[in-house]
Amino acid sequence: MKVLKTSIDKVDEKIISQAINVLADGGVVLYPTDTVYGLGANIFDNSAVRRVFDIKKRSYLKPVSILVGDVGSIDLVAKVSLAQKRTIKEYLPGPYTFILNKRKIVPRLVTGGSSNVGVRVPDSAIACSLARIFPITTTSANISDDEMLSSPKEILEQLDCEVDLVIDVGELESAKASSIIDLTGFKPKTIRD
């Protein structure tokens with residue numbers, strides 16, 4: 001396991017390149033977002049996505065969300081109406097996950113078999129840079145239903161396993177995951193505040 005230390009305010013292109021190479025080779029990366037640390041894998045690599053589920057001890061029937069590099073890239077993974085786009089542009093980038101109708105390109109494993117997908121564009125240059133070539137998973141780096149921790153050292157102790165690469169920016173101020181808003185119905189519905 002490689003640990004690369006950097007500042008939350010700085011995108012170190014060497015670190016981003018190394019992380020993207022790890023993700024492209026089927027690896028799992030622990031990385032900071034604007035809320036909590038996340039576990040990232042290339043969404044198109046089923047064995048890497050399975051590792052994320054296994055690391056979290058998460059049921060394959062429960063979906064994980066997708067991180068894309070910018071708001072414009074949401075169209076690649078989800079069907080977005082004009083009204084939904086207006087709502088999304090109001091809140092993203094930011095600490096929100098939007099539930100949308102998925103496109104066929106999104107693997108079934110990622111969505112737990114659902115026809116919907118959670119999509120994030122965090123207010124984090126580091127996180128968004130990791131997803132500039134392909135979408136990655138974005139799920140809190142903790143054992144499912146366990147406490148969310150804010151430092152890589154504590155997170156790795158809780159997970160009790162090795163990820164392939166850690167982007168360590170130190171302890172994050174937040175230990176609260178993103179809010180989840182479902183946009184698939186007639187009007188937006190808050191799933192998690």
# chains A, B, ... in the order shown; residues from 1 in each chain; ligands from 1
>>> residues_around(residues="A:Leu92", least_positions_apart="4", cutoff="9 Å", atoms="only C-alpha atoms", output="short mmCIF file (atom, residue, chain, number, x, y, z; two decimals) with N, CA and C atoms, in the first residue's frame")
data_model
loop_
_atom_site.label_atom_id
_atom_site.label_comp_id
_atom_site.auth_asym_id
_atom_site.auth_seq_id
_atom_site.Cartn_x
_atom_site.Cartn_y
_atom_site.Cartn_z
N ASP A 70 -17.00 16.42 -13.36
CA ASP A 70 -17.65 17.73 -13.41
C ASP A 70 -19.14 17.55 -13.68
N VAL A 71 -19.90 18.63 -13.52
CA VAL A 71 -21.35 18.56 -13.66
C VAL A 71 -21.75 18.11 -15.07
N THR A 87 -31.74 21.95 -10.96
CA THR A 87 -31.55 21.65 -9.53
C THR A 87 -30.10 21.28 -9.25
N ILE A 88 -29.55 20.41 -10.08
CA ILE A 88 -28.18 19.95 -9.90
C ILE A 88 -27.19 21.11 -9.95
N TYR A 96 -23.45 16.94 -1.96
CA TYR A 96 -24.73 16.31 -2.29
C TYR A 96 -24.53 15.12 -3.23
N ARG A 120 -22.26 12.03 -7.69
CA ARG A 120 -21.65 13.12 -6.93
C ARG A 120 -20.66 13.89 -7.78
N VAL A 121 -20.62 15.19 -7.55
CA VAL A 121 -19.53 16.06 -8.02
C VAL A 121 -19.15 16.87 -6.79
N PRO A 122 -18.21 16.36 -5.99
CA PRO A 122 -17.87 17.05 -4.75
C PRO A 122 -17.14 18.37 -5.01
N ASP A 123 -17.17 19.24 -4.03
CA ASP A 123 -16.41 20.48 -4.09
C ASP A 123 -15.00 20.17 -3.60
#
>>> closest_atom_pairs(of="stretch 80-162 of chain A", to="stretch 31-35 of chain A", cutoff="8 Å", atoms="only C-alpha atoms", output="Markdown table")
| residue | atom | partner | partner_atom | distance |
| --- | --- | --- | --- | --- |
| A:Gly94 | CA | A:Asp34 | CA | 7.2 |
| A:Pro95 | CA | A:Thr35 | CA | 6.3 |
| A:Pro122 | CA | A:Asp34 | CA | 5.8 |
| A:Asp123 | CA | A:Asp34 | CA | 5.5 |
| A:Ser124 | CA | A:Asp34 | CA | 5.3 |
| A:Ile126 | CA | A:Pro32 | CA | 7.3 |
| A:Ala127 | CA | A:Thr33 | CA | 5.6 |
>>> select_by_dssp(residues="stretch 65-152 of chain A", states="strand (DSSP E)", output="mmCIF file with N, CA and C atoms, in the first residue's frame")
data_model
loop_
_atom_site.group_PDB
_atom_site.id
_atom_site.type_symbol
_atom_site.label_atom_id
_atom_site.label_comp_id
_atom_site.auth_asym_id
_atom_site.auth_seq_id
_atom_site.Cartn_x
_atom_site.Cartn_y
_atom_site.Cartn_z
ATOM 1 N N SER A 65 -22.429 4.998 -4.816
ATOM 2 C CA SER A 65 -22.575 6.142 -5.712
ATOM 3 C C SER A 65 -21.374 6.274 -6.636
ATOM 4 N N ILE A 66 -21.566 7.127 -7.636
ATOM 5 C CA ILE A 66 -20.543 7.371 -8.646
ATOM 6 C C ILE A 66 -20.081 8.816 -8.543
ATOM 7 N N LEU A 67 -18.777 9.007 -8.684
ATOM 8 C CA LEU A 67 -18.206 10.340 -8.727
ATOM 9 C C LEU A 67 -17.787 10.624 -10.163
ATOM 10 N N ALA A 78 -26.090 9.155 -16.296
ATOM 11 C CA ALA A 78 -27.501 9.282 -15.886
ATOM 12 C C ALA A 78 -28.298 10.054 -16.929
ATOM 13 N N LYS A 79 -29.592 9.748 -16.957
ATOM 14 C CA LYS A 79 -30.521 10.497 -17.813
ATOM 15 C C LYS A 79 -31.009 11.684 -16.994
ATOM 16 N N TYR A 96 -23.449 16.940 -1.964
ATOM 17 C CA TYR A 96 -24.734 16.307 -2.293
ATOM 18 C C TYR A 96 -24.529 15.120 -3.234
ATOM 19 N N THR A 97 -25.369 14.105 -3.050
ATOM 20 C CA THR A 97 -25.476 12.988 -3.988
ATOM 21 C C THR A 97 -26.882 13.048 -4.546
ATOM 22 N N PHE A 98 -26.998 13.033 -5.866
ATOM 23 C CA PHE A 98 -28.316 13.061 -6.502
ATOM 24 C C PHE A 98 -28.643 11.694 -7.080
ATOM 25 N N ILE A 99 -29.834 11.187 -6.749
ATOM 26 C CA ILE A 99 -30.310 9.926 -7.310
ATOM 27 C C ILE A 99 -31.013 10.246 -8.627
ATOM 28 N N LEU A 100 -30.553 9.588 -9.701
ATOM 29 C CA LEU A 100 -31.077 9.815 -11.052
ATOM 30 C C LEU A 100 -31.301 8.477 -11.743
ATOM 31 N N ASN A 101 -32.029 8.498 -12.853
ATOM 32 C CA ASN A 101 -32.174 7.280 -13.653
ATOM 33 C C ASN A 101 -30.847 7.001 -14.338
ATOM 34 N N LYS A 102 -30.344 5.783 -14.177
ATOM 35 C CA LYS A 102 -29.025 5.468 -14.722
ATOM 36 C C LYS A 102 -29.084 5.192 -16.223
ATOM 37 N N ASN A 116 -31.677 3.104 -10.876
ATOM 38 C CA ASN A 116 -31.221 4.446 -10.507
ATOM 39 C C ASN A 116 -29.755 4.408 -10.092
ATOM 40 N N VAL A 117 -29.145 5.590 -10.072
ATOM 41 C CA VAL A 117 -27.748 5.686 -9.650
ATOM 42 C C VAL A 117 -27.565 6.988 -8.866
ATOM 43 N N GLY A 118 -26.737 6.926 -7.821
ATOM 44 C CA GLY A 118 -26.361 8.119 -7.072
ATOM 45 C C GLY A 118 -25.135 8.731 -7.720
ATOM 46 N N VAL A 119 -25.187 10.042 -7.960
ATOM 47 C CA VAL A 119 -24.077 10.719 -8.636
ATOM 48 C C VAL A 119 -23.601 11.896 -7.799
ATOM 49 N N ARG A 120 -22.265 12.027 -7.694
ATOM 50 C CA ARG A 120 -21.647 13.119 -6.930
ATOM 51 C C ARG A 120 -20.658 13.893 -7.778
ATOM 52 N N ILE A 136 -15.622 7.032 -11.025
ATOM 53 C CA ILE A 136 -15.164 6.123 -9.962
ATOM 54 C C ILE A 136 -16.253 5.998 -8.899
ATOM 55 N N THR A 137 -16.110 4.962 -8.080
ATOM 56 C CA THR A 137 -17.050 4.808 -6.969
ATOM 57 C C THR A 137 -16.746 5.887 -5.936
ATOM 58 N N THR A 138 -17.785 6.320 -5.264
ATOM 59 C CA THR A 138 -17.602 7.236 -4.146
ATOM 60 C C THR A 138 -18.531 6.764 -3.035
ATOM 61 N N THR A 139 -17.927 6.130 -2.075
ATOM 62 C CA THR A 139 -18.665 5.604 -0.934
ATOM 63 C C THR A 139 -17.790 5.840 0.283
ATOM 64 N N SER A 140 -18.398 6.181 1.396
ATOM 65 C CA SER A 140 -17.608 6.511 2.579
ATOM 66 C C SER A 140 -16.670 5.378 2.942
#
>>> closest_residue(among="A:Ser144, A:Lys176, A:Tyr91, A:Asn21", to="A:Tyr60", atoms="only C-alpha atoms")
A:Ser144
>>> atom_distance(atom1="atom CA of A:Ser73", atom2="atom CA of A:Met148")
28.0 Å
>>> closest_residue(among="A:Asp164, A:Glu154, A:Lys56, A:Thr111", to="A:Asn142", atoms="only C-alpha atoms")
A:Lys56
>>> residues_around(residues="A:Asp75", least_positions_apart="5", cutoff="10 Å", atoms="only C-alpha atoms", output="list in words")
Val68, Val80, Ser81, Lys85, Lys102 and Arg103 of chain A
>>> write_last_selection(atoms="N, CA and C atoms", output="PDB file, in the first residue's frame")
ATOM      1  N   VAL A  68     -18.211  11.762 -10.692  1.00  0.00           N
ATOM      2  CA  VAL A  68     -17.767  12.193 -12.017  1.00  0.00           C
ATOM      3  C   VAL A  68     -16.978  13.491 -11.864  1.00  0.00           C
ATOM      4  N   VAL A  80     -30.754  12.882 -17.518  1.00  0.00           N
ATOM      5  CA  VAL A  80     -31.034  14.089 -16.744  1.00  0.00           C
ATOM      6  C   VAL A  80     -31.946  15.021 -17.538  1.00  0.00           C
ATOM      7  N   SER A  81     -33.104  15.338 -16.956  1.00  0.00           N
ATOM      8  CA  SER A  81     -34.040  16.272 -17.599  1.00  0.00           C
ATOM      9  C   SER A  81     -33.558  17.711 -17.380  1.00  0.00           C
ATOM     10  N   LYS A  85     -31.420  19.179 -14.270  1.00  0.00           N
ATOM     11  CA  LYS A  85     -30.159  19.902 -14.499  1.00  0.00           C
ATOM     12  C   LYS A  85     -30.152  21.222 -13.741  1.00  0.00           C
ATOM     13  N   LYS A 102     -30.344   5.783 -14.177  1.00  0.00           N
ATOM     14  CA  LYS A 102     -29.025   5.468 -14.722  1.00  0.00           C
ATOM     15  C   LYS A 102     -29.084   5.192 -16.223  1.00  0.00           C
ATOM     16  N   ARG A 103     -27.944   5.356 -16.844  1.00  0.00           N
ATOM     17  CA  ARG A 103     -27.783   4.949 -18.242  1.00  0.00           C
ATOM     18  C   ARG A 103     -27.302   3.501 -18.257  1.00  0.00           C
TER      19      ARG A 103
END
>>> residues_around(residues="A:Ala24", least_positions_apart="2", cutoff="9 Å", atoms="only C-alpha atoms", output="PyMOL selection string")
chain A and resi 19-22+26-27+41-42+45+134
>>> closest_residue(among="A:Tyr37, A:Thr184, A:Gln84, A:Ser115", to="A:Lys153", atoms="only C-alpha atoms")
A:Tyr37
>>> select_by_dssp(residues="stretch 92-172 of chain A", states="helix (DSSP H, G or I)", output="PyMOL selection string")
chain A and resi 108-111+125-130+152-159
>>> write_last_selection(atoms="N, CA and C atoms", output="mmCIF file, in the first residue's frame")
data_model
loop_
_atom_site.group_PDB
_atom_site.id
_atom_site.type_symbol
_atom_site.label_atom_id
_atom_site.label_comp_id
_atom_site.auth_asym_id
_atom_site.auth_seq_id
_atom_site.Cartn_x
_atom_site.Cartn_y
_atom_site.Cartn_z
ATOM 1 N N ARG A 108 -24.420 -3.015 -13.401
ATOM 2 C CA ARG A 108 -25.439 -3.460 -12.442
ATOM 3 C C ARG A 108 -24.872 -3.594 -11.021
ATOM 4 N N LEU A 109 -23.642 -4.055 -10.918
ATOM 5 C CA LEU A 109 -23.005 -4.245 -9.612
ATOM 6 C C LEU A 109 -22.968 -2.932 -8.816
ATOM 7 N N VAL A 110 -22.660 -1.824 -9.495
ATOM 8 C CA VAL A 110 -22.549 -0.515 -8.836
ATOM 9 C C VAL A 110 -23.890 -0.097 -8.228
ATOM 10 N N THR A 111 -24.972 -0.387 -8.938
ATOM 11 C CA THR A 111 -26.291 0.093 -8.505
ATOM 12 C C THR A 111 -27.082 -0.937 -7.703
ATOM 13 N N ALA A 125 -11.233 19.497 -5.557
ATOM 14 C CA ALA A 125 -10.455 19.394 -6.796
ATOM 15 C C ALA A 125 -9.730 18.054 -6.879
ATOM 16 N N ILE A 126 -9.277 17.541 -5.741
ATOM 17 C CA ILE A 126 -8.572 16.251 -5.745
ATOM 18 C C ILE A 126 -9.518 15.149 -6.195
ATOM 19 N N ALA A 127 -10.688 15.053 -5.552
ATOM 20 C CA ALA A 127 -11.651 13.993 -5.888
ATOM 21 C C ALA A 127 -12.084 14.080 -7.351
ATOM 22 N N CYS A 128 -12.433 15.274 -7.800
ATOM 23 C CA CYS A 128 -12.907 15.429 -9.187
ATOM 24 C C CYS A 128 -11.803 15.097 -10.198
ATOM 25 N N SER A 129 -10.552 15.416 -9.859
ATOM 26 C CA SER A 129 -9.437 15.094 -10.756
ATOM 27 C C SER A 129 -9.276 13.591 -10.936
ATOM 28 N N LEU A 130 -9.586 12.817 -9.902
ATOM 29 C CA LEU A 130 -9.463 11.354 -9.991
ATOM 30 C C LEU A 130 -10.439 10.767 -11.006
ATOM 31 N N PRO A 152 -7.006 9.194 7.742
ATOM 32 C CA PRO A 152 -6.653 7.950 7.051
ATOM 33 C C PRO A 152 -6.142 6.859 7.996
ATOM 34 N N LYS A 153 -5.360 7.253 9.002
ATOM 35 C CA LYS A 153 -4.811 6.259 9.936
ATOM 36 C C LYS A 153 -5.945 5.503 10.643
ATOM 37 N N GLU A 154 -6.909 6.249 11.192
ATOM 38 C CA GLU A 154 -8.050 5.620 11.890
ATOM 39 C C GLU A 154 -8.901 4.798 10.922
ATOM 40 N N ILE A 155 -9.096 5.327 9.719
ATOM 41 C CA ILE A 155 -9.913 4.625 8.711
ATOM 42 C C ILE A 155 -9.290 3.281 8.373
ATOM 43 N N LEU A 156 -7.983 3.276 8.122
ATOM 44 C CA LEU A 156 -7.309 2.021 7.757
ATOM 45 C C LEU A 156 -7.347 1.017 8.900
ATOM 46 N N GLU A 157 -7.264 1.497 10.134
ATOM 47 C CA GLU A 157 -7.389 0.595 11.292
ATOM 48 C C GLU A 157 -8.786 -0.013 11.340
ATOM 49 N N GLN A 158 -9.819 0.820 11.113
ATOM 50 C CA GLN A 158 -11.190 0.314 11.147
ATOM 51 C C GLN A 158 -11.426 -0.700 10.027
ATOM 52 N N LEU A 159 -10.950 -0.377 8.831
ATOM 53 C CA LEU A 159 -11.176 -1.274 7.681
ATOM 54 C C LEU A 159 -10.377 -2.566 7.819
#
>>> closest_residue(among="A:Ile8, A:Ile191, A:Ala141, A:Leu165", to="A:Lys57", atoms="only C-alpha atoms")
A:Ala141
>>> closest_residue(among="A:Met1, A:Val163, A:Ala131, A:Ile180", to="A:Val52", atoms="only C-alpha atoms")
A:Val163
>>> closest_residue(among="A:Val64, A:Ile167, A:Ser47, A:Ala175", to="A:Gln18", atoms="only C-alpha atoms")
A:Ile167
